[in-house]
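structure_17.cif, holding mmCIF, C-alpha atoms and all ligand atoms:
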```cif
data_work
loop_
_atom_site.label_atom_id
_atom_site.label_comp_id
_atom_site.auth_asym_id
_atom_site.auth_seq_id
_atom_site.Cartn_x
_atom_site.Cartn_y
_atom_site.Cartn_z
CA MET M 1 -21.60 -24.92 14.43
CA ALA M 2 -18.74 -25.95 16.73
CA GLN M 3 -17.68 -23.52 19.42
CA PRO M 4 -14.20 -22.01 19.12
CA ILE M 5 -11.97 -23.33 21.86
CA ASP M 6 -10.99 -20.84 24.60
CA LEU M 7 -8.24 -23.06 26.10
CA ALA M 8 -9.12 -21.99 29.65
CA ASP M 9 -10.21 -25.33 31.11
CA PRO M 10 -7.28 -27.22 32.70
CA ASP M 11 -9.33 -30.41 32.80
CA ARG M 12 -9.34 -30.69 29.01
CA SER M 13 -6.47 -32.23 27.05
CA LEU M 14 -4.60 -30.00 24.61
CA ILE M 15 -3.06 -30.96 21.30
CA ALA M 16 -1.13 -28.06 19.79
CA GLY M 17 0.58 -27.83 16.42
CA ASN M 18 3.66 -25.63 16.16
CA TRP M 19 4.19 -25.16 12.45
CA LYS M 20 7.46 -23.27 13.03
CA MET M 21 8.89 -21.57 9.89
CA ASN M 22 7.19 -23.87 7.41
CA LEU M 23 4.53 -23.76 4.68
CA LEU M 24 3.44 -21.10 2.21
CA HIS M 25 0.17 -19.23 2.49
CA ALA M 26 -2.09 -21.54 0.49
CA GLU M 27 -0.67 -24.60 2.24
CA ALA M 28 -1.27 -23.04 5.64
CA VAL M 29 -4.87 -22.23 4.78
CA ALA M 30 -5.42 -25.76 3.46
CA LEU M 31 -3.97 -27.31 6.62
CA ALA M 32 -6.02 -25.11 8.97
CA THR M 33 -9.15 -25.88 6.93
CA ALA M 34 -8.45 -29.61 7.12
CA VAL M 35 -7.99 -29.53 10.90
CA ALA M 36 -11.20 -27.56 11.40
CA ALA M 37 -13.10 -30.14 9.34
CA TRP M 38 -12.50 -32.97 11.85
CA SER M 39 -12.21 -30.88 15.00
CA ALA M 40 -15.75 -31.11 16.41
CA PRO M 41 -15.79 -34.72 17.68
CA VAL M 42 -12.25 -34.36 19.07
CA ALA M 43 -13.30 -31.23 20.96
CA ALA M 44 -16.48 -32.93 22.14
CA ALA M 45 -14.33 -35.69 23.65
CA GLY M 46 -12.54 -33.08 25.79
CA VAL M 47 -9.51 -32.23 23.66
CA ASP M 48 -8.59 -28.62 22.89
CA LEU M 49 -6.93 -28.08 19.52
CA LEU M 50 -4.48 -25.23 18.97
CA LEU M 51 -2.68 -24.32 15.76
CA CYS M 52 0.33 -22.01 15.81
CA PRO M 53 1.07 -20.95 12.22
CA PRO M 54 3.79 -18.50 11.18
CA ALA M 55 2.81 -14.90 11.99
CA PRO M 56 2.02 -13.84 8.40
CA PHE M 57 -0.61 -16.58 8.15
CA LEU M 58 -2.40 -16.02 11.46
CA ALA M 59 -5.29 -13.98 10.10
CA SER M 60 -5.93 -16.41 7.26
CA ALA M 61 -5.69 -19.39 9.63
CA ILE M 62 -8.23 -17.80 11.97
CA GLY M 63 -10.54 -17.35 9.00
CA ALA M 64 -9.94 -20.91 7.84
CA VAL M 65 -10.87 -22.49 11.20
CA ALA M 66 -14.04 -20.42 11.64
CA GLY M 67 -16.89 -22.79 12.36
CA GLY M 68 -14.54 -25.45 13.68
CA ALA M 69 -13.48 -26.15 17.26
CA VAL M 70 -9.91 -24.95 16.87
CA ALA M 71 -7.94 -22.17 18.53
CA VAL M 72 -5.15 -20.30 16.78
CA GLY M 73 -2.07 -18.93 18.52
CA GLY M 74 1.22 -17.21 17.82
CA GLN M 75 4.62 -18.89 17.92
CA ASP M 76 6.18 -16.05 19.88
CA CYS M 77 5.57 -12.54 21.14
CA HIS M 78 7.81 -9.71 22.27
CA ALA M 79 8.35 -9.03 25.96
CA LYS M 80 6.88 -5.54 25.54
CA ALA M 81 3.30 -4.75 24.58
CA SER M 82 4.29 -2.29 21.83
CA GLY M 83 7.15 -0.12 20.71
CA ALA M 84 10.16 0.27 18.44
CA HIS M 85 11.02 -3.41 17.87
CA THR M 86 11.23 -3.90 14.12
CA GLY M 87 9.97 -7.26 12.94
CA ASP M 88 8.61 -8.38 16.29
CA VAL M 89 5.03 -9.30 17.13
CA ALA M 90 3.28 -7.99 20.26
CA ALA M 91 0.91 -10.06 22.38
CA PRO M 92 -1.93 -7.49 22.17
CA MET M 93 -1.66 -7.68 18.36
CA LEU M 94 -2.20 -11.44 18.52
CA ALA M 95 -5.16 -11.00 20.86
CA SER M 96 -6.68 -8.30 18.67
CA LEU M 97 -6.61 -10.71 15.74
CA GLY M 98 -8.48 -13.43 17.64
CA CYS M 99 -5.53 -15.53 18.75
CA ARG M 100 -6.11 -17.40 22.01
CA ALA M 101 -2.55 -18.32 22.90
CA VAL M 102 1.11 -17.77 22.22
CA ILE M 103 4.11 -20.05 22.58
CA VAL M 104 6.89 -18.47 24.64
CA GLY M 105 10.37 -19.64 25.53
CA HIS M 106 10.63 -22.27 22.80
CA SER M 107 14.15 -23.70 22.76
CA GLU M 108 14.58 -22.57 19.15
CA ARG M 109 13.91 -18.98 20.27
CA ARG M 110 16.20 -19.38 23.29
CA ARG M 111 18.92 -20.69 20.92
CA ASP M 112 18.43 -18.56 17.79
CA HIS M 113 17.63 -15.30 19.58
CA ARG M 114 19.53 -15.83 22.82
CA GLU M 115 16.39 -15.48 24.89
CA THR M 116 17.11 -15.58 28.61
CA ASP M 117 14.89 -16.74 31.49
CA PRO M 118 14.07 -13.15 32.56
CA PHE M 119 13.15 -12.21 28.97
CA VAL M 120 10.91 -15.27 28.70
CA ARG M 121 9.29 -14.29 32.01
CA ALA M 122 8.51 -10.84 30.60
CA LYS M 123 6.89 -12.52 27.57
CA VAL M 124 4.69 -14.66 29.82
CA GLU M 125 3.69 -11.51 31.71
CA THR M 126 2.83 -9.61 28.52
CA ALA M 127 0.99 -12.55 26.97
CA ILE M 128 -1.20 -13.07 30.03
CA ALA M 129 -1.85 -9.35 30.37
CA ALA M 130 -3.06 -9.36 26.75
CA GLY M 131 -5.59 -12.09 27.59
CA LEU M 132 -3.69 -14.89 25.89
CA VAL M 133 -2.82 -18.34 27.20
CA ALA M 134 0.96 -18.51 27.53
CA VAL M 135 2.34 -21.86 26.36
CA LEU M 136 5.66 -21.82 28.17
CA CYS M 137 8.29 -24.21 26.80
CA VAL M 138 10.96 -25.66 29.05
CA GLY M 139 13.48 -28.39 28.36
CA GLU M 140 17.00 -29.58 28.90
CA THR M 141 19.80 -30.00 26.36
CA LEU M 142 21.44 -33.37 25.77
CA GLU M 143 24.45 -32.25 27.79
CA GLU M 144 22.24 -31.29 30.70
CA ARG M 145 20.35 -34.57 30.49
CA ASP M 146 23.56 -36.59 30.43
CA ALA M 147 24.73 -34.66 33.49
CA GLY M 148 21.54 -35.66 35.31
CA GLN M 149 20.33 -32.05 35.46
CA THR M 150 16.94 -32.37 33.74
CA ALA M 151 14.74 -31.67 36.76
CA GLN M 152 17.00 -28.86 37.91
CA VAL M 153 16.97 -27.16 34.49
CA VAL M 154 13.24 -27.40 33.77
CA THR M 155 12.20 -26.34 37.26
CA ARG M 156 14.58 -23.36 37.04
CA GLN M 157 13.02 -22.35 33.71
CA LEU M 158 9.51 -22.71 35.09
CA ARG M 159 10.22 -20.89 38.35
CA ALA M 160 11.82 -18.05 36.42
CA ALA M 161 8.72 -17.61 34.25
CA LEU M 162 5.98 -18.30 36.80
CA VAL M 163 4.54 -14.82 37.07
CA GLU M 164 2.11 -13.69 39.75
CA ALA M 165 -0.77 -13.50 37.24
CA ALA M 166 -0.40 -17.11 36.03
CA THR M 167 -3.42 -19.34 36.62
CA ASP M 168 -4.74 -22.73 35.55
CA ALA M 169 -6.66 -20.90 32.83
CA ASN M 170 -3.89 -18.80 31.30
CA LEU M 171 -0.74 -20.90 31.64
CA VAL M 172 0.22 -24.12 29.87
CA VAL M 173 3.68 -25.60 30.35
CA ALA M 174 5.26 -27.67 27.56
CA TYR M 175 8.12 -30.00 28.51
CA GLU M 176 10.23 -30.22 25.38
CA PRO M 177 13.64 -31.88 25.78
CA VAL M 178 15.84 -29.98 23.33
CA TRP M 179 17.49 -33.19 22.12
CA ALA M 180 14.10 -34.73 21.28
CA ILE M 181 12.95 -31.91 19.02
CA GLY M 182 12.99 -32.87 15.35
CA THR M 183 15.29 -35.82 16.01
CA GLY M 184 12.89 -38.75 16.10
CA ARG M 185 14.14 -39.50 19.61
CA THR M 186 11.90 -39.40 22.66
CA PRO M 187 12.73 -39.80 26.34
CA ALA M 188 11.96 -43.04 28.14
CA PRO M 189 8.46 -42.93 29.65
CA GLY M 190 9.92 -42.77 33.15
CA ASP M 191 11.96 -39.71 32.22
CA VAL M 192 8.87 -37.90 30.90
CA VAL M 193 6.99 -38.80 34.08
CA ALA M 194 9.86 -37.56 36.26
CA ALA M 195 10.15 -34.24 34.42
CA HIS M 196 6.40 -33.66 34.51
CA ALA M 197 6.28 -34.53 38.21
CA ALA M 198 9.06 -32.05 38.92
CA LEU M 199 7.16 -29.35 37.02
CA ARG M 200 3.92 -30.20 38.80
CA GLY M 201 5.73 -29.83 42.10
CA ILE M 202 6.57 -26.21 41.25
CA LEU M 203 3.05 -25.45 39.99
CA ALA M 204 1.38 -27.17 42.92
CA ALA M 205 3.14 -24.85 45.32
CA ARG M 206 1.63 -21.87 43.48
CA GLY M 207 -2.09 -21.91 44.22
CA PRO M 208 -3.68 -20.23 41.19
CA ALA M 209 -1.63 -22.20 38.63
CA SER M 210 -1.46 -25.44 40.60
CA ARG M 211 -3.50 -27.38 38.02
CA ALA M 212 -2.11 -25.80 34.84
CA ARG M 213 -1.66 -28.30 32.05
CA ILE M 214 1.75 -29.77 31.27
CA LEU M 215 2.24 -30.95 27.68
CA TYR M 216 4.98 -33.13 26.25
CA GLY M 217 6.73 -32.03 23.04
CA GLY M 218 9.56 -33.50 20.97
CA SER M 219 9.18 -35.97 18.08
CA VAL M 220 5.54 -36.78 18.86
CA THR M 221 4.11 -38.89 16.03
CA ALA M 222 0.94 -40.85 15.34
CA GLN M 223 2.94 -43.95 16.29
CA ASN M 224 4.17 -42.86 19.71
CA ALA M 225 1.27 -40.57 20.69
CA ARG M 226 -0.61 -43.18 22.68
CA SER M 227 2.31 -44.20 24.87
CA LEU M 228 3.24 -40.56 25.57
CA LEU M 229 -0.28 -39.21 26.09
CA ALA M 230 -1.20 -42.05 28.45
CA LEU M 231 1.53 -41.09 30.94
CA PRO M 232 0.53 -39.47 34.23
CA GLU M 233 0.57 -35.66 34.17
CA VAL M 234 0.82 -35.55 30.36
CA ALA M 235 -2.17 -33.36 29.49
CA GLY M 236 -1.43 -33.25 25.79
CA ALA M 237 1.25 -32.62 23.22
CA LEU M 238 3.04 -29.79 21.47
CA VAL M 239 3.66 -31.22 18.02
CA GLY M 240 6.14 -29.87 15.49
CA GLY M 241 6.89 -31.82 12.31
CA ALA M 242 3.90 -34.17 12.58
CA SER M 243 1.52 -31.20 12.84
CA LEU M 244 2.37 -30.25 9.25
CA LYS M 245 0.75 -33.43 7.96
CA ALA M 246 -3.02 -33.20 8.27
CA ALA M 247 -3.60 -36.95 8.58
CA GLU M 248 -0.87 -37.46 11.16
CA PHE M 249 -1.95 -34.52 13.30
CA ARG M 250 -5.49 -35.85 13.13
CA ALA M 251 -4.33 -39.28 14.28
CA ILE M 252 -2.53 -37.71 17.26
CA ALA M 253 -5.59 -35.65 18.20
CA GLU M 254 -7.90 -38.64 17.84
CA THR M 255 -5.57 -40.69 20.02
CA ALA M 256 -5.93 -38.04 22.73
CA ALA M 257 -9.70 -38.13 22.30
CA ALA M 258 -9.79 -41.93 22.50
CA LEU M 259 -7.72 -41.89 25.70
CA ARG M 260 -10.22 -39.55 27.30
CA ARG M 261 -13.11 -41.81 26.37
CA GLN M 262 -11.24 -44.88 27.53
CA PRO M 263 -8.34 -44.05 29.87
CA ALA M 264 -5.27 -46.25 29.45
P1 LIG R 301 8.97 -31.92 16.64
O1 LIG R 301 7.61 -32.51 16.92
O2 LIG R 301 9.20 -31.64 15.18
O3 LIG R 301 10.06 -32.71 17.27
O4 LIG R 301 8.98 -30.46 17.32
C1 LIG R 301 8.56 -30.33 18.63
C2 LIG R 301 8.49 -28.90 18.96
O5 LIG R 301 9.49 -28.22 19.06
C3 LIG R 301 7.16 -28.31 19.14
O6 LIG R 301 7.24 -27.03 19.66
#
```
Please go through the file and, once you have read it, give me the structure as structure tokens.
Ligand code: 13P
Amino acid sequence: MAQPIDLADPDRSLIAGNWKMNLLHAEAVALATAVAAWSAPVAAAGVDLLLCPPAPFLASAIGAVAGGAVAVGGQDCHAKASGAHTGDVAAPMLASLGCRAVIVGHSERRRDHRETDPFVRAKVETAIAAGLVAVLCVGETLEERDAGQTAQVVTRQLRAALVEAATDANLVVAYEPVWAIGTGRTPAPGDVVAAHAALRGILAARGPASRARILYGGSVTAQNARSLLALPEVAGALVGGASLKAAEFRAIAETAAALRRQPA
């Protein structure tokens, strides 16, 4: 039986699927089951797999991946550990269910729910305190990119959320240019490298999280996965739309595994 992934080793690659607000229950179970079925050789090659289904499907997804080498995480958590916050999900709830991680600061949350840098910081704090890996999303808008502010924006977002308790084992950063999400557009390789290098500069100055993984996210597909995953400092991908298709997500994960066996 494959070992469930604990996501704590910064030397492993990480391919994460953010299902966002998609799928119905039976579809979610079928997708998690399909991923678990091919997960073992990918994990054995050094690639962590993480699925982030909608909150109502988390328990079923955890059941569906049992026996596979797949971690399950939430798409968001509240900044507080419990309390009167109708409709929200608390990090300790996710941990108590068997989740390993939670996405925080996704640009869709920042946009739809007006989440600020300090609020995102509090989420990172709460997630880590609950024993989860915080997958912190940062990324610039098209306007900011066109103004040449990418490095400035993403390093501000990271600095704001880089809590004292963050380490290589409990923090993952995802660079997701807002304009690349769901658009089919991706940055030029040099722009990904520059953003990741800027983020690494911030992490490197903070001892315990200096080696935390930095993922790329935004229109990752089976077609472009190799060119993106082969870039320096790209430790994996946070995949949206393509993670909803079992075969395409598999192709992305297997590309990551192949790159580990035979570096580009
Ligand atoms: P897409 O892969 O659909 O562009 O979404 C990326 C994303 O936002 C993952 O969190």
Within 8 Å of Val70 (chain M), counting only C-alpha atoms, which residues show up once you throw out same-chain ones fewer than 3 positions away? Write them as a VMD selection string, please.
chain M and resid 4 to 5 35 to 36 39 48 to 51 65
Kindly work out which residues sit at most 8 Å from ligand LIG 301 (chain R), using only C-alpha atoms and all ligand atoms, and give the list as a PyMOL selection string.
chain M and resi 17-20+106-108+137+176+178+180-184+217-221+238-243
Please list as number ranges by chain every residue within 12 Å of Glu140 (chain M), counting all atoms listed in the file and excluding residues in the same chain fewer than 5 positions away.
M: 106-107, 110, 145-158, 174-181, 187, 191-192, 195, 218
Compile the contact shell of Val47 (chain M) as an mmCIF file with C-alpha atoms, in the frame of the given file: residues with an atom at most 12 Å away, counting all atoms listed in the file, same-chain residues fewer than 2 positions apart removed.
```cif
data_model
loop_
_atom_site.group_PDB
_atom_site.id
_atom_site.type_symbol
_atom_site.label_atom_id
_atom_site.label_comp_id
_atom_site.auth_asym_id
_atom_site.auth_seq_id
_atom_site.Cartn_x
_atom_site.Cartn_y
_atom_site.Cartn_z
ATOM 1 C CA ILE M 5 -11.970 -23.330 21.860
ATOM 2 C CA ASP M 6 -10.990 -20.840 24.600
ATOM 3 C CA LEU M 7 -8.240 -23.060 26.100
ATOM 4 C CA ALA M 8 -9.120 -21.990 29.650
ATOM 5 C CA ASP M 9 -10.210 -25.330 31.110
ATOM 6 C CA PRO M 10 -7.280 -27.220 32.700
ATOM 7 C CA ASP M 11 -9.330 -30.410 32.800
ATOM 8 C CA ARG M 12 -9.340 -30.690 29.010
ATOM 9 C CA SER M 13 -6.470 -32.230 27.050
ATOM 10 C CA LEU M 14 -4.600 -30.000 24.610
ATOM 11 C CA ILE M 15 -3.060 -30.960 21.300
ATOM 12 C CA ALA M 16 -1.130 -28.060 19.790
ATOM 13 C CA SER M 39 -12.210 -30.880 15.000
ATOM 14 C CA ALA M 40 -15.750 -31.110 16.410
ATOM 15 C CA PRO M 41 -15.790 -34.720 17.680
ATOM 16 C CA VAL M 42 -12.250 -34.360 19.070
ATOM 17 C CA ALA M 43 -13.300 -31.230 20.960
ATOM 18 C CA ALA M 44 -16.480 -32.930 22.140
ATOM 19 C CA ALA M 45 -14.330 -35.690 23.650
ATOM 20 C CA LEU M 49 -6.930 -28.080 19.520
ATOM 21 C CA LEU M 50 -4.480 -25.230 18.970
ATOM 22 C CA ALA M 69 -13.480 -26.150 17.260
ATOM 23 C CA VAL M 70 -9.910 -24.950 16.870
ATOM 24 C CA ALA M 71 -7.940 -22.170 18.530
ATOM 25 C CA LEU M 229 -0.280 -39.210 26.090
ATOM 26 C CA ALA M 235 -2.170 -33.360 29.490
ATOM 27 C CA GLY M 236 -1.430 -33.250 25.790
ATOM 28 C CA ALA M 237 1.250 -32.620 23.220
ATOM 29 C CA ARG M 250 -5.490 -35.850 13.130
ATOM 30 C CA ILE M 252 -2.530 -37.710 17.260
ATOM 31 C CA ALA M 253 -5.590 -35.650 18.200
ATOM 32 C CA GLU M 254 -7.900 -38.640 17.840
ATOM 33 C CA THR M 255 -5.570 -40.690 20.020
ATOM 34 C CA ALA M 256 -5.930 -38.040 22.730
ATOM 35 C CA ALA M 257 -9.700 -38.130 22.300
ATOM 36 C CA ALA M 258 -9.790 -41.930 22.500
ATOM 37 C CA LEU M 259 -7.720 -41.890 25.700
ATOM 38 C CA ARG M 260 -10.220 -39.550 27.300
ATOM 39 C CA ARG M 261 -13.110 -41.810 26.370
#
```
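In this model, the gap between CA of Arg200 (chain M) and CA of Glu233 (chain M) comes to 7.9 Å.
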Report as a count of residues only all protein, DNA and RNA residues lying within 9 Å of Leu171 (chain M), evaluated on all atoms listed in the file, omitting residues in the same chain fewer than 3 positions from it.
15
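CA of Ala247 (chain M) to CA of His196 (chain M) spans 28.0 Å [interatomic distance, one decimal].
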Start from the incomplete input, build N, CA, C and O atoms for region 80-105 of chain M, and deliver everything as a compact mmCIF listing (two decimals), keeping the file's coordinate frame.
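Just written: out15.txt:
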```txt
# COMPACT_ATOMS: atom_id res chain seq x y z
N LYS M 80 7.60 -6.80 25.32
CA LYS M 80 6.88 -5.54 25.54
C LYS M 80 5.57 -5.56 24.76
O LYS M 80 5.43 -6.26 23.76
N ALA M 81 4.62 -4.75 25.19
CA ALA M 81 3.30 -4.75 24.58
C ALA M 81 3.24 -3.94 23.29
O ALA M 81 2.31 -4.09 22.49
N SER M 82 4.21 -3.06 23.07
CA SER M 82 4.29 -2.29 21.83
C SER M 82 5.62 -1.57 21.83
O SER M 82 6.34 -1.58 22.83
N GLY M 83 5.95 -0.94 20.72
CA GLY M 83 7.15 -0.12 20.71
C GLY M 83 8.03 -0.32 19.50
O GLY M 83 7.64 -0.97 18.53
N ALA M 84 9.23 0.26 19.57
CA ALA M 84 10.16 0.27 18.44
C ALA M 84 10.96 -1.04 18.44
O ALA M 84 12.07 -1.09 18.97
N HIS M 85 10.38 -2.09 17.91
CA HIS M 85 11.02 -3.41 17.87
C HIS M 85 10.73 -4.02 16.50
O HIS M 85 9.83 -4.86 16.35
N THR M 86 11.48 -3.55 15.52
CA THR M 86 11.23 -3.90 14.12
C THR M 86 11.18 -5.41 13.92
O THR M 86 12.09 -6.13 14.33
N GLY M 87 10.10 -5.85 13.30
CA GLY M 87 9.97 -7.26 12.94
C GLY M 87 9.35 -8.12 14.02
O GLY M 87 9.02 -9.28 13.76
N ASP M 88 9.18 -7.58 15.22
CA ASP M 88 8.61 -8.38 16.29
C ASP M 88 7.08 -8.29 16.30
O ASP M 88 6.48 -7.40 15.71
N VAL M 89 6.49 -9.23 17.03
CA VAL M 89 5.03 -9.30 17.13
C VAL M 89 4.65 -9.12 18.60
O VAL M 89 5.25 -9.74 19.48
N ALA M 90 3.69 -8.26 18.88
CA ALA M 90 3.28 -7.99 20.26
C ALA M 90 2.07 -8.83 20.64
O ALA M 90 1.19 -9.08 19.81
N ALA M 91 2.02 -9.23 21.90
CA ALA M 91 0.91 -10.06 22.38
C ALA M 91 -0.45 -9.40 22.15
O ALA M 91 -1.39 -10.08 21.71
N PRO M 92 -0.61 -8.09 22.42
CA PRO M 92 -1.93 -7.49 22.17
C PRO M 92 -2.33 -7.55 20.69
O PRO M 92 -3.52 -7.58 20.36
N MET M 93 -1.33 -7.54 19.79
CA MET M 93 -1.66 -7.68 18.36
C MET M 93 -2.28 -9.05 18.09
O MET M 93 -3.26 -9.17 17.37
N LEU M 94 -1.68 -10.08 18.69
CA LEU M 94 -2.20 -11.44 18.52
C LEU M 94 -3.62 -11.52 19.05
O LEU M 94 -4.52 -12.06 18.40
N ALA M 95 -3.82 -10.95 20.25
CA ALA M 95 -5.16 -11.00 20.86
C ALA M 95 -6.17 -10.25 20.01
O ALA M 95 -7.31 -10.70 19.83
N SER M 96 -5.74 -9.12 19.44
CA SER M 96 -6.68 -8.30 18.67
C SER M 96 -7.12 -8.99 17.39
O SER M 96 -8.15 -8.67 16.80
N LEU M 97 -6.31 -9.96 16.96
CA LEU M 97 -6.61 -10.71 15.74
C LEU M 97 -7.57 -11.87 16.02
O LEU M 97 -8.18 -12.41 15.11
N GLY M 98 -7.65 -12.27 17.29
CA GLY M 98 -8.48 -13.43 17.64
C GLY M 98 -7.67 -14.64 18.06
O GLY M 98 -8.21 -15.72 18.23
N CYS M 99 -6.35 -14.44 18.22
CA CYS M 99 -5.53 -15.53 18.75
C CYS M 99 -5.90 -15.78 20.20
O CYS M 99 -6.24 -14.84 20.93
N ARG M 100 -5.79 -17.03 20.63
CA ARG M 100 -6.11 -17.40 22.01
C ARG M 100 -4.86 -17.64 22.85
O ARG M 100 -4.95 -17.71 24.07
N ALA M 101 -3.74 -17.87 22.18
CA ALA M 101 -2.55 -18.32 22.90
C ALA M 101 -1.31 -17.86 22.17
O ALA M 101 -1.35 -17.39 21.03
N VAL M 102 -0.19 -18.01 22.87
CA VAL M 102 1.11 -17.77 22.22
C VAL M 102 2.15 -18.67 22.89
O VAL M 102 2.14 -18.84 24.11
N ILE M 103 2.99 -19.26 22.06
CA ILE M 103 4.11 -20.05 22.58
C ILE M 103 5.20 -19.08 23.02
O ILE M 103 5.50 -18.12 22.30
N VAL M 104 5.76 -19.30 24.20
CA VAL M 104 6.89 -18.47 24.64
C VAL M 104 8.00 -19.36 25.18
O VAL M 104 7.74 -20.44 25.73
N GLY M 105 9.23 -18.92 24.98
CA GLY M 105 10.37 -19.64 25.53
C GLY M 105 10.71 -20.93 24.80
O GLY M 105 11.41 -21.79 25.36
```
